[in-house]
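Have a look at my_file.tsv below; it lists TSV, C-alpha atoms.
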```tsv
chain	number	residue	atom	x	y	z
L	1	MET	CA	52.59	53.87	90.37
L	2	GLN	CA	53.51	53.68	94.04
L	3	THR	CA	57.00	52.50	93.17
L	4	GLU	CA	57.55	55.37	90.76
L	5	PHE	CA	56.32	57.84	93.37
L	6	LYS	CA	58.81	56.49	95.92
L	7	ARG	CA	61.63	56.63	93.39
L	8	LEU	CA	60.89	60.24	92.54
L	9	LYS	CA	60.60	61.17	96.22
L	10	THR	CA	63.94	59.50	96.93
L	11	GLU	CA	65.50	61.37	94.01
L	12	ARG	CA	63.98	64.62	95.21
L	13	ASP	CA	65.32	64.06	98.73
L	14	ARG	CA	68.79	63.31	97.32
L	15	LEU	CA	68.81	66.45	95.21
L	16	LYS	CA	67.55	68.54	98.12
L	17	MET	CA	70.32	67.17	100.34
L	18	GLU	CA	72.93	68.00	97.67
L	19	PHE	CA	71.43	71.48	97.29
L	20	ASP	CA	71.48	72.03	101.05
L	21	GLU	CA	75.12	70.89	101.21
L	22	ALA	CA	76.04	73.15	98.29
L	23	GLN	CA	74.23	76.09	99.89
L	24	ALA	CA	75.95	75.47	103.22
L	25	GLU	CA	79.35	75.41	101.45
L	26	PHE	CA	78.46	78.60	99.60
L	27	LEU	CA	77.56	80.34	102.86
L	28	ARG	CA	80.79	79.07	104.47
L	29	LEU	CA	82.90	80.34	101.58
L	30	LYS	CA	81.02	83.65	101.55
L	31	ALA	CA	81.67	84.12	105.27
L	32	GLU	CA	85.35	83.20	104.77
L	33	PHE	CA	85.63	85.69	101.91
L	34	GLN	CA	84.05	88.44	104.02
L	35	ARG	CA	86.42	87.63	106.88
L	36	LYS	CA	89.46	87.79	104.58
L	37	LEU	CA	88.16	90.99	103.00
L	38	GLU	CA	87.83	92.63	106.40
L	39	GLU	CA	91.37	91.49	107.27
L	40	VAL	CA	92.71	93.07	104.08
L	41	LYS	CA	90.74	96.28	104.67
L	42	THR	CA	91.99	96.47	108.26
L	43	GLN	CA	95.58	95.87	107.15
L	44	ASN	CA	95.26	98.48	104.39
L	45	ARG	CA	93.81	101.01	106.85
L	46	ARG	CA	96.61	100.28	109.33
L	47	GLU	CA	99.28	100.64	106.63
L	48	ARG	CA	97.68	103.84	105.33
L	49	ASP	CA	97.55	105.32	108.84
L	50	GLU	CA	101.21	104.39	109.44
L	51	ILE	CA	102.23	106.15	106.21
L	52	LEU	CA	100.18	109.23	107.03
L	53	ASP	CA	101.55	109.28	110.59
L	54	LYS	CA	105.11	109.30	109.24
L	55	ALA	CA	104.16	111.99	106.73
L	56	GLY	CA	102.52	114.08	109.47
L	57	VAL	CA	99.24	114.54	107.58
L	58	ASP	CA	96.46	116.08	109.71
L	59	TRP	CA	93.47	113.84	110.46
L	60	ILE	CA	91.10	116.31	108.84
L	61	LYS	CA	92.87	115.81	105.47
L	62	ARG	CA	93.31	112.03	105.60
L	63	ASP	CA	90.09	110.94	103.90
L	64	THR	CA	91.06	112.69	100.66
L	65	THR	CA	94.83	112.15	100.83
L	66	LYS	CA	96.27	110.26	97.86
L	67	ILE	CA	99.17	107.83	98.38
L	68	VAL	CA	101.31	106.62	95.44
L	69	LYS	CA	103.94	103.92	95.96
L	70	LYS	CA	106.83	104.02	93.49
L	71	PRO	CA	108.83	101.00	92.24
L	72	ASP	CA	111.97	102.27	94.02
L	73	GLY	CA	110.22	102.03	97.40
L	74	THR	CA	109.54	105.73	97.84
L	75	VAL	CA	106.04	106.88	98.74
L	76	GLN	CA	104.50	110.07	97.35
L	77	ILE	CA	101.73	111.60	99.48
L	78	TYR	CA	99.44	114.32	98.10
L	79	HIS	CA	97.23	116.14	100.60
L	80	GLY	CA	95.15	119.23	101.20
L	81	GLY	CA	94.23	120.00	97.60
L	82	LEU	CA	90.88	121.48	96.60
L	83	GLY	CA	88.28	118.72	96.33
L	84	GLU	CA	90.79	115.86	96.42
L	85	GLY	CA	94.14	115.35	98.10
L	86	ASP	CA	95.98	115.87	94.81
L	87	GLY	CA	93.68	118.68	93.68
L	88	ILE	CA	94.62	122.29	93.01
L	89	GLY	CA	97.13	123.66	95.52
L	90	HIS	CA	97.85	120.27	97.08
L	91	GLY	CA	100.65	119.67	99.54
L	92	HIS	CA	103.27	117.03	98.81
L	93	THR	CA	105.27	114.82	101.16
L	94	VAL	CA	107.78	112.12	100.20
L	95	LEU	CA	108.97	109.16	102.28
L	96	ASP	CA	112.06	107.23	101.21
L	97	SER	CA	112.27	103.42	101.06
L	98	LEU	CA	113.09	103.36	104.80
L	99	GLY	CA	110.05	105.45	105.72
L	100	ARG	CA	112.02	108.65	106.34
L	101	LYS	CA	110.53	111.98	105.31
L	102	THR	CA	112.68	113.58	102.59
L	103	TYR	CA	110.38	116.27	101.21
L	104	GLU	CA	107.51	118.23	102.72
L	105	ARG	CA	105.48	121.00	101.14
L	106	GLU	CA	102.27	122.19	102.77
L	107	ALA	CA	99.16	122.88	100.69
L	108	PHE	CA	99.41	126.14	98.72
L	109	ALA	CA	103.05	126.61	99.77
L	110	GLU	CA	105.74	127.50	97.23
L	111	HIS	CA	107.77	124.84	95.46
L	112	GLY	CA	111.52	124.94	95.98
L	113	ALA	CA	114.60	123.55	97.67
L	114	GLN	CA	113.35	124.78	101.05
L	115	ASN	CA	110.94	121.85	101.09
L	116	TYR	CA	113.66	119.18	101.12
L	117	ILE	CA	114.45	117.70	104.52
L	118	ASP	CA	117.91	118.54	105.86
L	119	ASN	CA	119.85	115.43	106.93
L	120	GLY	CA	121.67	117.43	109.60
L	121	ASP	CA	125.06	117.13	107.90
L	122	GLY	CA	124.68	119.83	105.26
L	123	THR	CA	123.03	117.44	102.79
L	124	TRP	CA	119.37	116.87	101.94
L	125	SER	CA	117.66	113.75	100.63
L	126	PHE	CA	114.89	113.62	98.06
L	127	SER	CA	113.35	111.54	95.29
L	128	TRP	CA	114.76	112.61	91.93
L	129	ASN	CA	113.36	111.19	88.68
L	130	GLY	CA	112.06	108.19	90.64
L	131	ARG	CA	115.43	107.54	92.31
L	132	MET	CA	116.65	108.26	95.81
L	133	ALA	CA	119.10	111.16	95.72
L	134	LYS	CA	121.19	113.34	98.01
L	135	GLY	CA	122.12	116.95	97.33
L	136	TYR	CA	124.64	119.30	98.91
L	137	PRO	CA	126.53	122.52	98.08
L	138	ASN	CA	129.64	121.70	96.09
L	139	ARG	CA	132.63	121.34	98.43
L	140	LYS	CA	134.98	123.38	96.21
L	141	ASP	CA	132.57	126.15	95.21
L	142	PRO	CA	129.40	125.96	97.34
L	143	GLU	CA	128.07	129.36	96.26
L	144	HIS	CA	127.96	128.52	92.58
L	145	PHE	CA	127.50	124.74	92.26
L	146	THR	CA	125.31	121.97	93.72
L	147	ASP	CA	126.14	118.26	93.74
L	148	ILE	CA	123.53	115.51	93.41
L	149	LEU	CA	124.33	111.86	94.15
L	150	TYR	CA	121.69	109.34	93.08
L	151	ASP	CA	120.81	105.66	92.67
L	152	GLY	CA	123.55	104.37	95.00
L	153	LEU	CA	123.39	100.94	96.60
L	154	SER	CA	123.80	102.31	100.14
L	155	GLU	CA	122.24	105.76	100.62
L	156	ASN	CA	124.53	107.45	98.06
L	157	VAL	CA	127.79	107.29	99.97
L	158	LYS	CA	131.36	106.82	98.76
L	159	GLY	CA	131.92	103.46	97.08
L	160	ASP	CA	128.26	102.48	96.60
L	161	GLY	CA	128.23	103.03	92.82
L	162	HIS	CA	126.04	106.14	92.89
L	163	GLY	CA	125.59	108.45	89.94
L	164	HIS	CA	126.94	111.99	90.33
L	165	ILE	CA	125.79	115.28	88.87
L	166	ILE	CA	127.15	118.80	89.38
L	167	ILE	CA	124.83	121.67	88.50
L	168	GLU	CA	125.80	125.31	88.01
L	169	ASN	CA	123.33	127.21	90.20
L	170	ALA	CA	123.11	130.37	88.08
L	171	THR	CA	122.24	128.60	84.83
L	172	GLY	CA	120.94	125.22	85.95
L	173	ASP	CA	123.40	123.62	83.51
L	174	VAL	CA	124.85	120.19	84.22
L	175	VAL	CA	128.63	120.61	84.08
L	176	PHE	CA	129.46	117.08	85.26
L	177	HIS	CA	127.52	113.81	85.03
L	178	ARG	CA	128.53	110.22	85.65
L	179	GLU	CA	125.84	107.53	85.50
L	180	SER	CA	125.46	105.16	88.44
L	181	GLY	CA	127.56	102.01	88.34
L	182	VAL	CA	129.89	103.19	85.56
L	183	THR	CA	133.17	105.09	85.32
L	184	ASP	CA	132.61	106.76	81.92
L	185	LEU	CA	131.42	110.36	82.01
L	186	THR	CA	128.22	111.39	80.26
L	187	THR	CA	128.95	115.11	80.67
L	188	PHE	CA	132.09	116.98	81.66
L	189	ASP	CA	132.44	120.71	81.02
L	190	GLU	CA	136.06	121.17	82.04
L	191	SER	CA	135.86	124.94	81.64
L	192	ARG	CA	133.16	125.26	84.31
L	193	CYS	CA	133.36	122.13	86.50
L	194	PRO	CA	134.69	123.22	89.94
L	195	GLY	CA	137.04	120.24	90.32
L	196	ASN	CA	138.36	117.10	88.65
L	197	ASN	CA	138.45	114.78	91.67
L	198	GLU	CA	134.89	113.62	90.97
L	199	ARG	CA	136.14	111.85	87.85
L	200	LYS	CA	137.89	109.29	90.03
L	201	LYS	CA	135.03	108.57	92.46
L	202	ILE	CA	132.43	105.85	92.02
```

Show how you would write the structure in this file as structure tokens.
Amino acid sequence: MQTEFKRLKTERDRLKMEFDEAQAEFLRLKAEFQRKLEEVKTQNRRERDEILDKAGVDWIKRDTTKIVKKPDGTVQIYHGGLGEGDGIGHGHTVLDSLGRKTYEREAFAEHGAQNYIDNGDGTWSFSWNGRMAKGYPNRKDPEHFTDILYDGLSENVKGDGHGHIIIENATGDVVFHRESGVTDLTTFDESRCPGNNERKKI
């Protein structure tokens, strides 16, 4: 009887020691998880603040501001809407893949070309159908046509394989379209297109 009691006590002590070790490991892992979680939260807050700083969003609007990162590297920021950042009447700011502001519309302001950021050289940059684009008045007929370059390998400049569209301002019709990276034309309305030189550029 005494021997059995000692055996059971020894077994109990062994199990208690294993339990204590397991509990100590659990507490260590829990503390490590909490530490990592705080690191991630801090990093996310820092990144969010950096984005909102670049976008120029007021501190009073930041808690409800919605940030959407697109696959092409652009960041869409919705702020100042009723109830939520992207609620009714929200403002909209876009940062390109390099963190530059390309579009800015305040809450309850009108939509339109006036919200695109001027590059200082007569062109403006914006996100168009999920792709980085650059627009400018057509060089041959600036009053009636607008050019859009998009999806280039190097900021939509000559020789970077960008796509090219020419739009007739009065109708909104596309009179010229060449997809990015190709030489074949998707659209070419020779009767209205302001010039043929674009056919040769890529």

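A straight line drawn from atom CA of Asn138 of chain L to atom CA of Ile166 of chain L is 7.7 Å long.
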
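With only C-alpha atoms as the atoms that count, the minimum distance from Gly81 of chain L to the choices L:Ser97, L:Ser180, L:Thr64, L:Asn156 is reached by L:Thr64.
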
Which residue is closest to Thr146 of chain L? Choose from L:Glu11, L:Glu190, L:Asp20, L:Asp173 and count all atoms listed in the file.
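So, comparing all the options, the nearest one is L:Asp173.
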
How far is it from atom CA of Asn44 of chain L to atom CA of Asp86 of chain L, in Å with one decimal?
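Result for atom CA of Asn44 of chain L versus atom CA of Asp86 of chain L: 19.9 Å, one decimal.
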
Contact residues around Ile165 of chain L with all atoms listed in the file at 12 Å, ignoring same-chain residues under 2 positions, as an mmCIF file with C-alpha atoms, in the frame of the given file:
```cif
data_model
loop_
_atom_site.group_PDB
_atom_site.id
_atom_site.type_symbol
_atom_site.label_atom_id
_atom_site.label_comp_id
_atom_site.auth_asym_id
_atom_site.auth_seq_id
_atom_site.Cartn_x
_atom_site.Cartn_y
_atom_site.Cartn_z
ATOM 1 C CA TRP L 128 114.760 112.610 91.930
ATOM 2 C CA ALA L 133 119.100 111.160 95.720
ATOM 3 C CA LYS L 134 121.190 113.340 98.010
ATOM 4 C CA GLY L 135 122.120 116.950 97.330
ATOM 5 C CA TYR L 136 124.640 119.300 98.910
ATOM 6 C CA PRO L 137 126.530 122.520 98.080
ATOM 7 C CA ASN L 138 129.640 121.700 96.090
ATOM 8 C CA PHE L 145 127.500 124.740 92.260
ATOM 9 C CA THR L 146 125.310 121.970 93.720
ATOM 10 C CA ASP L 147 126.140 118.260 93.740
ATOM 11 C CA ILE L 148 123.530 115.510 93.410
ATOM 12 C CA LEU L 149 124.330 111.860 94.150
ATOM 13 C CA TYR L 150 121.690 109.340 93.080
ATOM 14 C CA ASP L 151 120.810 105.660 92.670
ATOM 15 C CA HIS L 162 126.040 106.140 92.890
ATOM 16 C CA GLY L 163 125.590 108.450 89.940
ATOM 17 C CA ILE L 167 124.830 121.670 88.500
ATOM 18 C CA GLU L 168 125.800 125.310 88.010
ATOM 19 C CA GLY L 172 120.940 125.220 85.950
ATOM 20 C CA ASP L 173 123.400 123.620 83.510
ATOM 21 C CA VAL L 174 124.850 120.190 84.220
ATOM 22 C CA VAL L 175 128.630 120.610 84.080
ATOM 23 C CA PHE L 176 129.460 117.080 85.260
ATOM 24 C CA HIS L 177 127.520 113.810 85.030
ATOM 25 C CA ARG L 178 128.530 110.220 85.650
ATOM 26 C CA GLU L 179 125.840 107.530 85.500
ATOM 27 C CA SER L 180 125.460 105.160 88.440
ATOM 28 C CA LEU L 185 131.420 110.360 82.010
ATOM 29 C CA THR L 186 128.220 111.390 80.260
ATOM 30 C CA THR L 187 128.950 115.110 80.670
ATOM 31 C CA PHE L 188 132.090 116.980 81.660
ATOM 32 C CA ASP L 189 132.440 120.710 81.020
ATOM 33 C CA CYS L 193 133.360 122.130 86.500
ATOM 34 C CA PRO L 194 134.690 123.220 89.940
ATOM 35 C CA GLU L 198 134.890 113.620 90.970
ATOM 36 C CA ARG L 199 136.140 111.850 87.850
ATOM 37 C CA LYS L 201 135.030 108.570 92.460
ATOM 38 C CA ILE L 202 132.430 105.850 92.020
#
```

In Å to one decimal, how far is atom CA of His79 of chain L from atom CA of Thr93 of chain L?
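It comes out at 8.2 Å.
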
Which of these residues is nearest to Thr102 of chain L, using all atoms listed in the file: L:Lys54, L:Lys69, L:His144, L:Ile88?
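Looking only at the distances to Thr102 of chain L, the closest residue turns out to be L:Lys54.
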
Leaving out Asp58 of chain L and any residue of its chain fewer than 4 positions from it, which residues lie within 10 Å of it when counting only C-alpha atoms, given as a list of chain:residue names?
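Non-adjacent residues within range: L:Leu52, L:Asp53, L:Arg62, L:Thr65, L:His79, L:Gly80.
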
Let me make sure I understand: among L:Asp121, L:Asn169, L:His164, L:Leu153, which one has the smallest atom-to-atom distance to Thr183 of chain L if we use all atoms listed in the file?
L:His164

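Across L:Ala22, L:Val68, L:Ala107, L:Val40, the tightest approach to Leu82 of chain L is made by L:Ala107 when counting only C-alpha atoms.
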
Nearest candidate to Val57 of chain L (options L:Gly91, L:Pro71, L:Gly159, L:Gly99; using only C-alpha atoms)
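Answer, going by the shortest atom-to-atom distance: L:Gly91.
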
Which residues are close to Gln76 of chain L, i.e. within 10 Å by only C-alpha atoms, leaving aside same-chain residues fewer than 6 positions away? Reply as a ChimeraX atom specification.
/L:51,55,66-70,92-96,103,127

Fill-in result for segment 90-101 of chain L, all heavy atoms as a PDB file, keeping the file's coordinate frame:
```pdb
ATOM      1  N   HIS L  90      97.560 121.338  96.123  1.00  0.00           N
ATOM      2  CA  HIS L  90      97.850 120.270  97.080  1.00  0.00           C
ATOM      3  C   HIS L  90      99.239 120.388  97.706  1.00  0.00           C
ATOM      4  O   HIS L  90     100.157 120.944  97.113  1.00  0.00           O
ATOM      5  CB  HIS L  90      97.735 118.896  96.398  1.00  0.00           C
ATOM      6  CG  HIS L  90      98.728 118.683  95.300  1.00  0.00           C
ATOM      7  ND1 HIS L  90      98.437 118.926  93.972  1.00  0.00           N
ATOM      8  CD2 HIS L  90     100.012 118.260  95.324  1.00  0.00           C
ATOM      9  CE1 HIS L  90      99.490 118.652  93.231  1.00  0.00           C
ATOM     10  NE2 HIS L  90     100.477 118.238  94.026  1.00  0.00           N
ATOM     11  N   GLY L  91      99.352 119.841  98.908  1.00  0.00           N
ATOM     12  CA  GLY L  91     100.650 119.670  99.540  1.00  0.00           C
ATOM     13  C   GLY L  91     101.265 118.369  99.081  1.00  0.00           C
ATOM     14  O   GLY L  91     100.580 117.506  98.528  1.00  0.00           O
ATOM     15  N   HIS L  92     102.557 118.212  99.313  1.00  0.00           N
ATOM     16  CA  HIS L  92     103.270 117.030  98.810  1.00  0.00           C
ATOM     17  C   HIS L  92     104.335 116.624  99.825  1.00  0.00           C
ATOM     18  O   HIS L  92     105.158 117.437 100.234  1.00  0.00           O
ATOM     19  CB  HIS L  92     103.910 117.365  97.468  1.00  0.00           C
ATOM     20  CG  HIS L  92     104.573 116.201  96.797  1.00  0.00           C
ATOM     21  ND1 HIS L  92     105.370 116.351  95.678  1.00  0.00           N
ATOM     22  CD2 HIS L  92     104.561 114.873  97.068  1.00  0.00           C
ATOM     23  CE1 HIS L  92     105.813 115.164  95.301  1.00  0.00           C
ATOM     24  NE2 HIS L  92     105.344 114.250  96.130  1.00  0.00           N
ATOM     25  N   THR L  93     104.275 115.359 100.233  1.00  0.00           N
ATOM     26  CA  THR L  93     105.270 114.820 101.160  1.00  0.00           C
ATOM     27  C   THR L  93     105.838 113.541 100.553  1.00  0.00           C
ATOM     28  O   THR L  93     105.095 112.770  99.930  1.00  0.00           O
ATOM     29  CB  THR L  93     104.636 114.507 102.530  1.00  0.00           C
ATOM     30  OG1 THR L  93     104.066 115.700 103.052  1.00  0.00           O
ATOM     31  CG2 THR L  93     105.667 113.979 103.512  1.00  0.00           C
ATOM     32  N   VAL L  94     107.129 113.317 100.730  1.00  0.00           N
ATOM     33  CA  VAL L  94     107.780 112.120 100.200  1.00  0.00           C
ATOM     34  C   VAL L  94     108.463 111.368 101.335  1.00  0.00           C
ATOM     35  O   VAL L  94     109.162 111.965 102.156  1.00  0.00           O
ATOM     36  CB  VAL L  94     108.829 112.485  99.114  1.00  0.00           C
ATOM     37  CG1 VAL L  94     109.488 111.220  98.573  1.00  0.00           C
ATOM     38  CG2 VAL L  94     108.181 113.272  97.979  1.00  0.00           C
ATOM     39  N   LEU L  95     108.250 110.043 101.374  1.00  0.00           N
ATOM     40  CA  LEU L  95     108.970 109.160 102.280  1.00  0.00           C
ATOM     41  C   LEU L  95     109.913 108.300 101.455  1.00  0.00           C
ATOM     42  O   LEU L  95     109.543 107.822 100.379  1.00  0.00           O
ATOM     43  CB  LEU L  95     108.008 108.257 103.053  1.00  0.00           C
ATOM     44  CG  LEU L  95     106.921 108.937 103.896  1.00  0.00           C
ATOM     45  CD1 LEU L  95     106.040 107.878 104.550  1.00  0.00           C
ATOM     46  CD2 LEU L  95     107.532 109.852 104.939  1.00  0.00           C
ATOM     47  N   ASP L  96     111.141 108.098 101.939  1.00  0.00           N
ATOM     48  CA  ASP L  96     112.060 107.230 101.210  1.00  0.00           C
ATOM     49  C   ASP L  96     111.747 105.777 101.500  1.00  0.00           C
ATOM     50  O   ASP L  96     110.780 105.449 102.197  1.00  0.00           O
ATOM     51  CB  ASP L  96     113.527 107.579 101.518  1.00  0.00           C
ATOM     52  CG  ASP L  96     113.920 107.268 102.955  1.00  0.00           C
ATOM     53  OD1 ASP L  96     113.186 106.549 103.666  1.00  0.00           O
ATOM     54  OD2 ASP L  96     114.997 107.727 103.385  1.00  0.00           O
ATOM     55  N   SER L  97     112.538 104.861 100.946  1.00  0.00           N
ATOM     56  CA  SER L  97     112.270 103.420 101.060  1.00  0.00           C
ATOM     57  C   SER L  97     112.378 102.924 102.496  1.00  0.00           C
ATOM     58  O   SER L  97     111.917 101.828 102.814  1.00  0.00           O
ATOM     59  CB  SER L  97     113.219 102.637 100.160  1.00  0.00           C
ATOM     60  OG  SER L  97     114.567 102.912 100.499  1.00  0.00           O
ATOM     61  N   LEU L  98     112.978 103.728 103.380  1.00  0.00           N
ATOM     62  CA  LEU L  98     113.090 103.360 104.800  1.00  0.00           C
ATOM     63  C   LEU L  98     112.038 104.073 105.653  1.00  0.00           C
ATOM     64  O   LEU L  98     112.060 103.972 106.883  1.00  0.00           O
ATOM     65  CB  LEU L  98     114.496 103.691 105.313  1.00  0.00           C
ATOM     66  CG  LEU L  98     115.655 102.953 104.633  1.00  0.00           C
ATOM     67  CD1 LEU L  98     116.988 103.437 105.178  1.00  0.00           C
ATOM     68  CD2 LEU L  98     115.515 101.442 104.796  1.00  0.00           C
ATOM     69  N   GLY L  99     111.118 104.772 104.996  1.00  0.00           N
ATOM     70  CA  GLY L  99     110.050 105.450 105.720  1.00  0.00           C
ATOM     71  C   GLY L  99     110.439 106.797 106.281  1.00  0.00           C
ATOM     72  O   GLY L  99     109.702 107.382 107.084  1.00  0.00           O
ATOM     73  N   ARG L 100     111.576 107.348 105.845  1.00  0.00           N
ATOM     74  CA  ARG L 100     112.020 108.650 106.340  1.00  0.00           C
ATOM     75  C   ARG L 100     111.484 109.758 105.435  1.00  0.00           C
ATOM     76  O   ARG L 100     111.474 109.630 104.220  1.00  0.00           O
ATOM     77  CB  ARG L 100     113.545 108.708 106.380  1.00  0.00           C
ATOM     78  CG  ARG L 100     114.166 107.682 107.308  1.00  0.00           C
ATOM     79  CD  ARG L 100     115.669 107.670 107.190  1.00  0.00           C
ATOM     80  NE  ARG L 100     116.103 107.379 105.828  1.00  0.00           N
ATOM     81  CZ  ARG L 100     117.351 107.073 105.491  1.00  0.00           C
ATOM     82  NH1 ARG L 100     118.285 107.032 106.416  1.00  0.00           N
ATOM     83  NH2 ARG L 100     117.664 106.826 104.239  1.00  0.00           N
ATOM     84  N   LYS L 101     111.054 110.848 106.054  1.00  0.00           N
ATOM     85  CA  LYS L 101     110.530 111.980 105.310  1.00  0.00           C
ATOM     86  C   LYS L 101     111.690 112.730 104.650  1.00  0.00           C
ATOM     87  O   LYS L 101     112.638 113.122 105.313  1.00  0.00           O
ATOM     88  CB  LYS L 101     109.765 112.907 106.245  1.00  0.00           C
ATOM     89  CG  LYS L 101     108.963 113.982 105.542  1.00  0.00           C
ATOM     90  CD  LYS L 101     108.364 114.962 106.536  1.00  0.00           C
ATOM     91  CE  LYS L 101     107.409 114.297 107.499  1.00  0.00           C
ATOM     92  NZ  LYS L 101     106.751 115.298 108.370  1.00  0.00           N
TER      93      LYS L 101
END
```
